[in-house]
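Undergrad: One file: model-v3.pdb (PDB, C-alpha atoms).
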ATOM      1  CA  MET P 123     -81.036 -14.221 -21.113  1.00  0.00           C
ATOM      2  CA  SER P 124     -77.477 -14.329 -19.784  1.00  0.00           C
ATOM      3  CA  ASP P 125     -74.443 -14.107 -22.053  1.00  0.00           C
ATOM      4  CA  TRP P 126     -73.597 -17.715 -21.091  1.00  0.00           C
ATOM      5  CA  ASN P 127     -77.002 -18.937 -22.259  1.00  0.00           C
ATOM      6  CA  SER P 128     -76.599 -17.049 -25.527  1.00  0.00           C
ATOM      7  CA  PHE P 129     -73.154 -18.570 -25.935  1.00  0.00           C
ATOM      8  CA  LEU P 130     -74.472 -22.105 -25.381  1.00  0.00           C
ATOM      9  CA  LEU P 131     -77.263 -21.550 -27.896  1.00  0.00           C
ATOM     10  CA  ALA P 132     -74.649 -20.462 -30.423  1.00  0.00           C
ATOM     11  CA  GLN P 133     -72.764 -23.699 -29.716  1.00  0.00           C
ATOM     12  CA  GLY P 134     -75.798 -25.817 -30.568  1.00  0.00           C
ATOM     13  CA  ALA P 135     -77.812 -25.852 -27.343  1.00  0.00           C
ATOM     14  CA  ARG P 136     -81.587 -25.538 -27.374  1.00  0.00           C
ATOM     15  CA  THR P 137     -84.404 -24.091 -25.288  1.00  0.00           C
ATOM     16  CA  ASP P 138     -86.814 -26.721 -23.973  1.00  0.00           C
ATOM     17  CA  THR P 139     -90.539 -26.358 -23.242  1.00  0.00           C
ATOM     18  CA  HIS P 140     -89.723 -24.991 -19.772  1.00  0.00           C
ATOM     19  CA  ASN P 141     -87.392 -22.346 -21.242  1.00  0.00           C
ATOM     20  CA  ASN P 142     -84.313 -24.130 -19.880  1.00  0.00           C
ATOM     21  CA  ILE P 143     -81.099 -24.148 -21.889  1.00  0.00           C
ATOM     22  CA  ASP P 144     -79.704 -27.610 -22.654  1.00  0.00           C
ATOM     23  CA  VAL P 145     -78.128 -29.469 -25.560  1.00  0.00           C
ATOM     24  CA  ASN P 146     -79.550 -32.298 -27.618  1.00  0.00           C
ATOM     25  CA  TYR P 147     -78.098 -35.143 -25.618  1.00  0.00           C
ATOM     26  CA  PRO P 148     -77.653 -38.654 -26.979  1.00  0.00           C
ATOM     27  CA  GLU P 149     -80.307 -41.135 -25.917  1.00  0.00           C
ATOM     28  CA  LEU P 150     -78.369 -43.448 -23.604  1.00  0.00           C
ATOM     29  CA  ASN P 151     -79.848 -46.210 -21.511  1.00  0.00           C
ATOM     30  CA  SER P 152     -76.601 -46.844 -19.659  1.00  0.00           C
ATOM     31  CA  PRO P 153     -73.550 -44.736 -20.578  1.00  0.00           C
ATOM     32  CA  ASP P 154     -70.357 -46.773 -20.612  1.00  0.00           C
ATOM     33  CA  LEU P 155     -67.580 -44.291 -19.952  1.00  0.00           C
ATOM     34  CA  ASN P 156     -64.984 -46.853 -20.973  1.00  0.00           C
ATOM     35  CA  SER P 157     -66.272 -47.086 -24.538  1.00  0.00           C
ATOM     36  CA  GLU P 158     -68.454 -44.035 -25.215  1.00  0.00           C
ATOM     37  CA  PRO P 159     -66.946 -40.709 -26.320  1.00  0.00           C
ATOM     38  CA  THR P 160     -65.983 -38.167 -23.684  1.00  0.00           C
ATOM     39  CA  TYR P 161     -68.895 -35.834 -22.950  1.00  0.00           C
ATOM     40  CA  LEU P 162     -68.897 -32.102 -22.234  1.00  0.00           C
ATOM     41  CA  ILE P 163     -71.979 -31.029 -20.282  1.00  0.00           C
ATOM     42  CA  ALA P 164     -73.152 -27.570 -19.215  1.00  0.00           C
ATOM     43  CA  LEU P 165     -74.379 -28.009 -15.641  1.00  0.00           C
ATOM     44  CA  GLN P 166     -76.924 -25.229 -15.793  1.00  0.00           C
ATOM     45  CA  GLN P 167     -78.774 -26.457 -12.714  1.00  0.00           C
ATOM     46  CA  GLN P 168     -75.808 -25.945 -10.388  1.00  0.00           C
ATOM     47  CA  GLY P 169     -75.174 -22.865  -8.271  1.00  0.00           C
ATOM     48  CA  LEU P 170     -72.510 -21.766  -5.807  1.00  0.00           C
ATOM     49  CA  LEU P 171     -73.040 -20.411  -2.302  1.00  0.00           C
ATOM     50  CA  SER P 172     -70.008 -18.833  -0.643  1.00  0.00           C
ATOM     51  CA  VAL P 173     -69.412 -18.542   3.103  1.00  0.00           C
ATOM     52  CA  ASN P 174     -66.805 -15.841   3.742  1.00  0.00           C
ATOM     53  CA  GLY P 175     -65.107 -14.551   6.876  1.00  0.00           C
ATOM     54  CA  THR P 176     -62.770 -15.511   9.689  1.00  0.00           C
ATOM     55  CA  ASP P 177     -65.480 -17.721  11.232  1.00  0.00           C
ATOM     56  CA  ALA P 178     -66.541 -19.423   7.972  1.00  0.00           C
ATOM     57  CA  ALA P 179     -65.169 -22.867   8.869  1.00  0.00           C
ATOM     58  CA  LYS P 180     -66.170 -22.634  12.522  1.00  0.00           C
ATOM     59  CA  PHE P 181     -69.711 -21.618  11.606  1.00  0.00           C
ATOM     60  CA  LEU P 182     -70.234 -24.387   9.067  1.00  0.00           C
ATOM     61  CA  GLN P 183     -68.774 -27.062  11.333  1.00  0.00           C
ATOM     62  CA  GLY P 184     -71.792 -26.699  13.573  1.00  0.00           C
ATOM     63  CA  GLN P 185     -74.335 -26.507  10.763  1.00  0.00           C
ATOM     64  CA  ILE P 186     -73.589 -29.287   8.260  1.00  0.00           C
ATOM     65  CA  THR P 187     -73.101 -33.050   8.177  1.00  0.00           C
ATOM     66  CA  CYS P 188     -69.534 -33.257   6.799  1.00  0.00           C
ATOM     67  CA  ASP P 189     -66.334 -32.516   8.728  1.00  0.00           C
ATOM     68  CA  VAL P 190     -65.092 -29.102   7.609  1.00  0.00           C
ATOM     69  CA  ASN P 191     -61.606 -29.986   8.847  1.00  0.00           C
ATOM     70  CA  GLU P 192     -61.363 -32.515   6.003  1.00  0.00           C
ATOM     71  CA  LEU P 193     -61.532 -29.718   3.413  1.00  0.00           C
ATOM     72  CA  ALA P 194     -57.834 -28.968   3.881  1.00  0.00           C
ATOM     73  CA  ASN P 195     -55.233 -29.953   1.276  1.00  0.00           C
ATOM     74  CA  ASN P 196     -57.483 -29.381  -1.733  1.00  0.00           C
ATOM     75  CA  THR P 197     -60.076 -31.951  -0.699  1.00  0.00           C
ATOM     76  CA  THR P 198     -63.810 -31.654  -1.352  1.00  0.00           C
ATOM     77  CA  ARG P 199     -66.596 -33.316   0.616  1.00  0.00           C
ATOM     78  CA  LEU P 200     -70.277 -34.018   0.071  1.00  0.00           C
ATOM     79  CA  GLY P 201     -72.553 -32.833   2.845  1.00  0.00           C
ATOM     80  CA  ALA P 202     -75.979 -31.602   3.800  1.00  0.00           C
ATOM     81  CA  GLN P 203     -77.792 -29.172   6.042  1.00  0.00           C
ATOM     82  CA  CYS P 204     -80.620 -30.806   7.988  1.00  0.00           C
ATOM     83  CA  ASN P 205     -83.443 -29.564  10.150  1.00  0.00           C
ATOM     84  CA  ILE P 206     -83.807 -30.499  13.801  1.00  0.00           C
ATOM     85  CA  LYS P 207     -85.583 -33.731  12.811  1.00  0.00           C
ATOM     86  CA  GLY P 208     -82.722 -34.778  10.553  1.00  0.00           C
ATOM     87  CA  ARG P 209     -84.463 -34.056   7.271  1.00  0.00           C
ATOM     88  CA  MET P 210     -82.259 -32.610   4.540  1.00  0.00           C
ATOM     89  CA  LEU P 211     -82.876 -28.984   3.683  1.00  0.00           C
ATOM     90  CA  LEU P 212     -80.198 -29.022   1.001  1.00  0.00           C
ATOM     91  CA  CYS P 213     -77.137 -31.025  -0.025  1.00  0.00           C
ATOM     92  CA  PHE P 214     -73.897 -29.842  -1.571  1.00  0.00           C
ATOM     93  CA  ARG P 215     -70.264 -30.385  -2.440  1.00  0.00           C
ATOM     94  CA  ALA P 216     -68.035 -28.274  -0.159  1.00  0.00           C
ATOM     95  CA  LEU P 217     -64.673 -26.832  -1.148  1.00  0.00           C
ATOM     96  CA  GLN P 218     -62.393 -24.511   0.840  1.00  0.00           C
ATOM     97  CA  THR P 219     -60.474 -21.985  -1.258  1.00  0.00           C
ATOM     98  CA  SER P 220     -58.836 -20.170   1.685  1.00  0.00           C
ATOM     99  CA  ASN P 221     -58.970 -19.833   5.471  1.00  0.00           C
ATOM    100  CA  GLU P 222     -61.815 -17.372   4.998  1.00  0.00           C
ATOM    101  CA  GLN P 223     -63.862 -18.885   2.170  1.00  0.00           C
ATOM    102  CA  ILE P 224     -65.775 -22.123   1.739  1.00  0.00           C
ATOM    103  CA  ILE P 225     -67.905 -22.668  -1.359  1.00  0.00           C
ATOM    104  CA  LEU P 226     -70.948 -24.942  -1.395  1.00  0.00           C
ATOM    105  CA  ARG P 227     -72.058 -26.183  -4.800  1.00  0.00           C
ATOM    106  CA  MET P 228     -75.748 -27.085  -4.814  1.00  0.00           C
ATOM    107  CA  GLN P 229     -78.839 -26.948  -6.972  1.00  0.00           C
ATOM    108  CA  GLN P 230     -79.244 -23.391  -8.241  1.00  0.00           C
ATOM    109  CA  GLY P 231     -82.849 -23.323  -7.094  1.00  0.00           C
ATOM    110  CA  LEU P 232     -81.802 -23.986  -3.492  1.00  0.00           C
ATOM    111  CA  ILE P 233     -79.361 -21.085  -3.133  1.00  0.00           C
ATOM    112  CA  ALA P 234     -82.075 -18.815  -1.726  1.00  0.00           C
ATOM    113  CA  THR P 235     -83.134 -21.573   0.678  1.00  0.00           C
ATOM    114  CA  GLY P 236     -79.545 -21.923   1.860  1.00  0.00           C
ATOM    115  CA  ILE P 237     -79.163 -18.203   2.432  1.00  0.00           C
ATOM    116  CA  VAL P 238     -82.300 -18.198   4.574  1.00  0.00           C
ATOM    117  CA  SER P 239     -81.570 -21.390   6.530  1.00  0.00           C
ATOM    118  CA  PHE P 240     -77.910 -20.595   7.191  1.00  0.00           C
ATOM    119  CA  GLY P 241     -78.722 -16.922   7.688  1.00  0.00           C
ATOM    120  CA  LYS P 242     -80.713 -17.647  10.845  1.00  0.00           C
ATOM    121  CA  TYR P 243     -77.498 -18.480  12.690  1.00  0.00           C
ATOM    122  CA  ILE P 244     -74.676 -16.785  10.832  1.00  0.00           C
ATOM    123  CA  VAL P 245     -75.546 -13.425  12.377  1.00  0.00           C
ATOM    124  CA  PHE P 246     -73.680 -14.606  15.480  1.00  0.00           C
ATOM    125  CA  SER P 247     -70.478 -15.333  13.512  1.00  0.00           C
ATOM    126  CA  LYS P 248     -67.859 -13.308  11.696  1.00  0.00           C
ATOM    127  CA  ALA P 249     -68.991 -14.680   8.365  1.00  0.00           C
ATOM    128  CA  LYS P 250     -71.272 -13.744   5.489  1.00  0.00           C
ATOM    129  CA  LEU P 251     -73.208 -15.601   2.804  1.00  0.00           C
ATOM    130  CA  ALA P 252     -73.097 -14.748  -0.894  1.00  0.00           C
ATOM    131  CA  ASP P 253     -74.512 -16.244  -4.071  1.00  0.00           C
ATOM    132  CA  ILE P 254     -71.474 -16.374  -6.387  1.00  0.00           C
ATOM    133  CA  SER P 255     -73.099 -18.453  -9.128  1.00  0.00           C
ATOM    134  CA  GLN P 256     -72.536 -15.700 -11.687  1.00  0.00           C
ATOM    135  CA  ASP P 257     -68.777 -15.743 -11.044  1.00  0.00           C
ATOM    136  CA  TYR P 258     -68.438 -19.255 -12.483  1.00  0.00           C
ATOM    137  CA  ARG P 259     -69.909 -21.510 -15.156  1.00  0.00           C
ATOM    138  CA  CYS P 260     -70.251 -25.120 -14.021  1.00  0.00           C
ATOM    139  CA  VAL P 261     -69.508 -27.851 -16.556  1.00  0.00           C
ATOM    140  CA  GLY P 262     -68.902 -31.583 -16.406  1.00  0.00           C
ATOM    141  CA  ILE P 263     -66.467 -33.749 -18.381  1.00  0.00           C
ATOM    142  CA  ALA P 264     -67.163 -37.486 -18.469  1.00  0.00           C
ATOM    143  CA  GLY P 265     -65.437 -40.316 -20.275  1.00  0.00           C
ATOM    144  CA  SER P 266     -62.375 -42.524 -20.345  1.00  0.00           C
ATOM    145  CA  LYS P 267     -60.265 -39.669 -21.754  1.00  0.00           C
ATOM    146  CA  ALA P 268     -61.561 -37.051 -19.307  1.00  0.00           C
ATOM    147  CA  GLY P 269     -58.395 -36.935 -17.209  1.00  0.00           C
ATOM    148  CA  GLN P 270     -56.154 -36.541 -20.255  1.00  0.00           C
ATOM    149  CA  ILE P 271     -58.374 -33.827 -21.709  1.00  0.00           C
ATOM    150  CA  VAL P 272     -58.318 -31.944 -18.406  1.00  0.00           C
ATOM    151  CA  ALA P 273     -54.533 -32.184 -18.360  1.00  0.00           C
ATOM    152  CA  ASP P 274     -54.131 -31.104 -21.993  1.00  0.00           C
ATOM    153  CA  VAL P 275     -56.671 -28.273 -22.029  1.00  0.00           C
ATOM    154  CA  LEU P 276     -56.717 -27.017 -18.444  1.00  0.00           C
ATOM    155  CA  GLY P 277     -53.156 -27.892 -17.525  1.00  0.00           C
ATOM    156  CA  VAL P 278     -53.892 -29.767 -14.309  1.00  0.00           C
ATOM    157  CA  SER P 279     -53.376 -33.417 -13.400  1.00  0.00           C
ATOM    158  CA  ILE P 280     -55.430 -34.742 -10.500  1.00  0.00           C
ATOM    159  CA  ALA P 281     -54.758 -38.279  -9.295  1.00  0.00           C
ATOM    160  CA  THR P 282     -57.125 -38.575  -6.312  1.00  0.00           C
ATOM    161  CA  ASP P 283     -60.931 -38.667  -6.206  1.00  0.00           C
ATOM    162  CA  ASP P 284     -62.544 -35.646  -4.500  1.00  0.00           C
ATOM    163  CA  GLU P 285     -59.374 -33.595  -4.997  1.00  0.00           C
ATOM    164  CA  TRP P 286     -59.455 -30.177  -6.666  1.00  0.00           C
ATOM    165  CA  GLN P 287     -56.924 -27.916  -8.332  1.00  0.00           C
ATOM    166  CA  LEU P 288     -56.874 -24.406  -9.739  1.00  0.00           C
ATOM    167  CA  ALA P 289     -56.621 -23.989 -13.495  1.00  0.00           C
ATOM    168  CA  GLY P 290     -55.999 -20.273 -13.859  1.00  0.00           C
ATOM    169  CA  ASN P 291     -58.958 -18.777 -12.012  1.00  0.00           C
ATOM    170  CA  SER P 292     -61.113 -21.846 -12.577  1.00  0.00           C
ATOM    171  CA  ILE P 293     -61.599 -24.811 -10.241  1.00  0.00           C
ATOM    172  CA  VAL P 294     -61.340 -28.421 -11.416  1.00  0.00           C
ATOM    173  CA  ILE P 295     -62.597 -31.302  -9.241  1.00  0.00           C
ATOM    174  CA  ARG P 296     -61.956 -34.982  -9.894  1.00  0.00           C
ATOM    175  CA  LEU P 297     -65.062 -36.974  -8.968  1.00  0.00           C
ATOM    176  CA  ASP P 298     -63.545 -40.242 -10.171  1.00  0.00           C
ATOM    177  CA  ALA P 299     -61.155 -41.422 -12.877  1.00  0.00           C
ATOM    178  CA  ASN P 300     -63.746 -40.777 -15.620  1.00  0.00           C
ATOM    179  CA  ARG P 301     -65.531 -37.675 -14.345  1.00  0.00           C
ATOM    180  CA  PHE P 302     -64.443 -34.126 -13.610  1.00  0.00           C
ATOM    181  CA  GLU P 303     -66.518 -31.183 -12.450  1.00  0.00           C
ATOM    182  CA  CYS P 304     -65.230 -27.756 -13.496  1.00  0.00           C
ATOM    183  CA  TRP P 305     -66.202 -24.359 -12.149  1.00  0.00           C
ATOM    184  CA  LEU P 306     -65.008 -22.154 -14.980  1.00  0.00           C
ATOM    185  CA  ASP P 307     -64.193 -18.543 -14.168  1.00  0.00           C
ATOM    186  CA  VAL P 308     -66.787 -16.399 -15.920  1.00  0.00           C
ATOM    187  CA  ASN P 309     -64.078 -14.518 -17.838  1.00  0.00           C
ATOM    188  CA  GLU P 310     -62.460 -17.755 -19.051  1.00  0.00           C
ATOM    189  CA  ALA P 311     -65.540 -19.907 -19.552  1.00  0.00           C
ATOM    190  CA  GLU P 312     -66.364 -19.391 -23.231  1.00  0.00           C
ATOM    191  CA  GLN P 313     -62.805 -19.804 -24.451  1.00  0.00           C
ATOM    192  CA  THR P 314     -62.261 -22.847 -22.233  1.00  0.00           C
ATOM    193  CA  TRP P 315     -65.528 -24.442 -23.376  1.00  0.00           C
ATOM    194  CA  GLN P 316     -64.510 -24.078 -27.015  1.00  0.00           C
ATOM    195  CA  LYS P 317     -61.144 -25.717 -26.317  1.00  0.00           C
ATOM    196  CA  LEU P 318     -62.795 -28.581 -24.456  1.00  0.00           C
ATOM    197  CA  ALA P 319     -65.416 -29.005 -27.191  1.00  0.00           C
ATOM    198  CA  THR P 320     -62.735 -29.889 -29.748  1.00  0.00           C
ATOM    199  CA  HIS P 321     -61.992 -33.037 -27.704  1.00  0.00           C
ATOM    200  CA  CYS P 322     -65.518 -33.894 -26.497  1.00  0.00           C
ATOM    201  CA  VAL P 323     -69.083 -34.528 -27.598  1.00  0.00           C
ATOM    202  CA  MET P 324     -71.619 -32.092 -26.171  1.00  0.00           C
ATOM    203  CA  ALA P 325     -74.277 -33.801 -24.072  1.00  0.00           C
ATOM    204  CA  GLY P 326     -77.281 -32.775 -21.998  1.00  0.00           C
ATOM    205  CA  GLN P 327     -77.718 -32.557 -18.245  1.00  0.00           C
ATOM    206  CA  ASN P 328     -79.723 -35.802 -18.168  1.00  0.00           C
ATOM    207  CA  VAL P 329     -76.532 -37.689 -19.025  1.00  0.00           C
ATOM    208  CA  TRP P 330     -74.791 -36.179 -15.980  1.00  0.00           C
ATOM    209  CA  THR P 331     -77.807 -36.957 -13.800  1.00  0.00           C
ATOM    210  CA  LEU P 332     -77.785 -40.571 -14.965  1.00  0.00           C
ATOM    211  CA  LEU P 333     -74.067 -40.849 -14.210  1.00  0.00           C
ATOM    212  CA  ASN P 334     -74.708 -39.475 -10.716  1.00  0.00           C
ATOM    213  CA  ILE P 335     -77.378 -42.112 -10.195  1.00  0.00           C
ATOM    214  CA  GLN P 336     -75.029 -44.857 -11.372  1.00  0.00           C
ATOM    215  CA  ALA P 337     -72.428 -43.552  -8.921  1.00  0.00           C
ATOM    216  CA  GLY P 338     -74.964 -43.669  -6.069  1.00  0.00           C
ATOM    217  CA  LEU P 339     -75.060 -39.893  -5.632  1.00  0.00           C
ATOM    218  CA  GLY P 340     -78.396 -38.494  -4.505  1.00  0.00           C
ATOM    219  CA  ASP P 341     -79.481 -34.887  -4.808  1.00  0.00           C
ATOM    220  CA  ILE P 342     -82.175 -32.523  -3.617  1.00  0.00           C
ATOM    221  CA  THR P 343     -83.981 -30.144  -5.957  1.00  0.00           C
ATOM    222  CA  PRO P 344     -86.579 -27.447  -5.261  1.00  0.00           C
TER     223      PRO P 344
END
Show me the file's structure as structure tokens.

TA:
Amino acid sequence: MSDWNSFLLAQGARTDTHNNIDVNYPELNSPDLNSEPTYLIALQQQGLLSVNGTDAAKFLQGQITCDVNELANNTTRLGAQCNIKGRMLLCFRALQTSNEQIILRMQQGLIATGIVSFGKYIVFSKAKLADISQDYRCVGIAGSKAGQIVADVLGVSIATDDEWQLAGNSIVIRLDANRFECWLDVNEAEQTWQKLATHCVMAGQNVWTLLNIQAGLGDITP
């Protein structure tokens, strides 16, 4: 069991019948982020695939559905990799940290699939693939006070949807006015979680999934 899993268990998480770590989430039929408390959610199902090298952007531009050029100026984009028939192999949120690194956040169980499917073509480019999931801990913050909590605890203010900012070595993405996705640096994650938890109610991943559905965001799992 990873140190992060042990930490979450110490914070009140549980192990379900499939040996997954999650918290006892409130039973919500339809979360109203304007009236409910602000939720802090460990996004255990998410993983990060990094494309590194001088050809990272050029390589991905020919492989995925979103326009890599739009990743400039701290913008993120949703995209997918499809097979020749147009069927999705995986979908992701893309974020460019530098001229030589683009990170794709996707379902953890699809990282290996991505390495294989992208790996067929990346051999012809000056770029490499790496699973960097262990370098970050993905969490979600959802609620009417989410933006203020992010500003107070993480020290960043983000005014535009799909924009991201650095908070120390962590990455904070605004999905919309009430939802933020955070990739917490592994060395900062536990301390940051504890600070966030003083302002939030811990909730399970099903709450985040339901909010994605309400927002019209689809996903692909193994």

Undergrad: Which residues, written as a PyMOL selection string, have at least one atom at most 9 Å from segment 315-319 of chain P, with all atoms listed in the file counted and residues fewer than 3 positions away on the same chain left out?

TA: chain P and resi 133+161-162+261+263+271-272+275-276+306+310-312+322-324

Undergrad: Got a sec to resolve the PyMOL selection byres ((chain P and resi 291) around 8) on this structure and send the residues as a ChimeraX atom specification?

TA: /P:288-290,292-293,306-307,310

Undergrad: Smallest atom-to-atom distance to Ser220 of chain P: which of P:Ser239, P:Asn127, P:Gln336, P:Asn174, using all atoms listed in the file?

TA: P:Asn174

Undergrad: Give me, please, the distance in Å between atom CA of Ala325 of chain P and atom CA of Cys304 of chain P, quoted to one decimal.

TA: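 We find that atom CA of Ala325 of chain P and atom CA of Cys304 of chain P lie 15.2 Å from each other.
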
Undergrad: Between atom CA of Gln287 of chain P and atom CA of Thr197 of chain P, what distance in Å does the model show, to one decimal?

TA: 9.2 Å

Undergrad: I want to know what sits within 6 Å of Ala264 of chain P, based on only C-alpha atoms, with residues of the same chain fewer than 3 positions away left out; could you give that as an MDAnalysis selection string?

TA: chainID P and resid 160:161 268 300:301

Undergrad: Find the spatial neighbours of Gln327 of chain P, counting only C-alpha atoms, within a cut-off of 7 Å - ignore same-chain residues fewer than 4 positions away - and output them as a list in words.

TA: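 Result of the neighbour search: Asp144, Ile163, Ala164, Leu165 and Thr331 of chain P.
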
Undergrad: Would you please work out which residue, of P:Asn205, P:Ser128, P:Gln167, P:Thr343, is nearest to Asn328 of chain P when using all atoms listed in the file?

TA: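 Under the stated criterion, the closest residue is P:Gln167.
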
Undergrad: Taking the file as shown, find all residues satisfying the PyMOL selection byres ((chain P and resi 229) around 12) and write them as a VMD selection string.

TA: chain P and resid 165 to 171 211 to 215 226 to 228 230 to 236 253 255 260 340 to 344

Undergrad: When distances are computed from all atoms listed in the file, which of P:Leu182, P:Ile335, P:Gln218, P:His321 shows the smallest separation from Pro159 of chain P?

TA: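 Using all atoms listed in the file, Pro159 of chain P sits closest to P:His321.
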
Undergrad: Output segment 224-232 of chain P with all heavy atoms present, as a compact mmCIF listing (two decimals), in the coordinates of the input.

TA:
# COMPACT_ATOMS: atom_id res chain seq x y z
N ILE P 224 -65.34 -20.78 2.09
CA ILE P 224 -65.78 -22.12 1.74
C ILE P 224 -66.93 -21.98 0.76
O ILE P 224 -67.85 -21.18 0.98
CB ILE P 224 -66.22 -22.92 2.98
CG1 ILE P 224 -65.02 -23.15 3.91
CG2 ILE P 224 -66.84 -24.25 2.58
CD1 ILE P 224 -65.38 -23.81 5.23
N ILE P 225 -66.87 -22.73 -0.34
CA ILE P 225 -67.90 -22.67 -1.36
C ILE P 225 -68.72 -23.95 -1.31
O ILE P 225 -68.15 -25.05 -1.23
CB ILE P 225 -67.30 -22.48 -2.76
CG1 ILE P 225 -66.48 -21.18 -2.81
CG2 ILE P 225 -68.40 -22.43 -3.82
CD1 ILE P 225 -65.74 -20.99 -4.14
N LEU P 226 -70.02 -23.80 -1.35
CA LEU P 226 -70.95 -24.94 -1.40
C LEU P 226 -71.63 -24.96 -2.74
O LEU P 226 -72.35 -24.03 -3.10
CB LEU P 226 -72.00 -24.83 -0.28
CG LEU P 226 -71.48 -24.60 1.15
CD1 LEU P 226 -72.66 -24.48 2.11
CD2 LEU P 226 -70.54 -25.72 1.58
N ARG P 227 -71.39 -26.04 -3.51
CA ARG P 227 -72.06 -26.18 -4.80
C ARG P 227 -73.33 -26.99 -4.58
O ARG P 227 -73.32 -28.07 -4.04
CB ARG P 227 -71.14 -26.87 -5.81
CG ARG P 227 -71.71 -26.86 -7.24
CD ARG P 227 -72.54 -28.10 -7.52
NE ARG P 227 -71.72 -29.31 -7.50
CZ ARG P 227 -72.12 -30.46 -6.99
NH1 ARG P 227 -73.32 -30.58 -6.44
NH2 ARG P 227 -71.32 -31.53 -7.03
N MET P 228 -74.45 -26.44 -5.01
CA MET P 228 -75.75 -27.08 -4.81
C MET P 228 -76.65 -26.76 -5.99
O MET P 228 -76.27 -26.03 -6.91
CB MET P 228 -76.38 -26.60 -3.50
CG MET P 228 -76.70 -25.12 -3.48
SD MET P 228 -77.28 -24.52 -1.87
CE MET P 228 -75.80 -24.65 -0.87
N GLN P 229 -77.86 -27.29 -5.96
CA GLN P 229 -78.84 -26.95 -6.97
C GLN P 229 -79.09 -25.43 -6.96
O GLN P 229 -79.31 -24.84 -5.90
CB GLN P 229 -80.15 -27.68 -6.72
CG GLN P 229 -80.12 -29.16 -7.04
CD GLN P 229 -80.26 -29.43 -8.52
OE1 GLN P 229 -80.85 -28.64 -9.26
NE2 GLN P 229 -79.72 -30.55 -8.97
N GLN P 230 -79.06 -24.83 -8.14
CA GLN P 230 -79.24 -23.39 -8.24
C GLN P 230 -80.52 -22.93 -7.55
O GLN P 230 -80.55 -21.90 -6.87
CB GLN P 230 -79.28 -22.98 -9.72
CG GLN P 230 -79.57 -21.52 -9.97
CD GLN P 230 -78.45 -20.62 -9.51
OE1 GLN P 230 -77.31 -20.82 -9.89
NE2 GLN P 230 -78.76 -19.63 -8.69
N GLY P 231 -81.58 -23.71 -7.68
CA GLY P 231 -82.85 -23.32 -7.09
C GLY P 231 -82.89 -23.37 -5.58
O GLY P 231 -83.88 -22.93 -4.98
N LEU P 232 -81.84 -23.90 -4.94
CA LEU P 232 -81.80 -23.99 -3.49
C LEU P 232 -80.86 -22.95 -2.86
O LEU P 232 -80.71 -22.93 -1.64
CB LEU P 232 -81.38 -25.39 -3.05
CG LEU P 232 -82.39 -26.50 -3.34
CD1 LEU P 232 -81.83 -27.85 -2.93
CD2 LEU P 232 -83.71 -26.23 -2.62
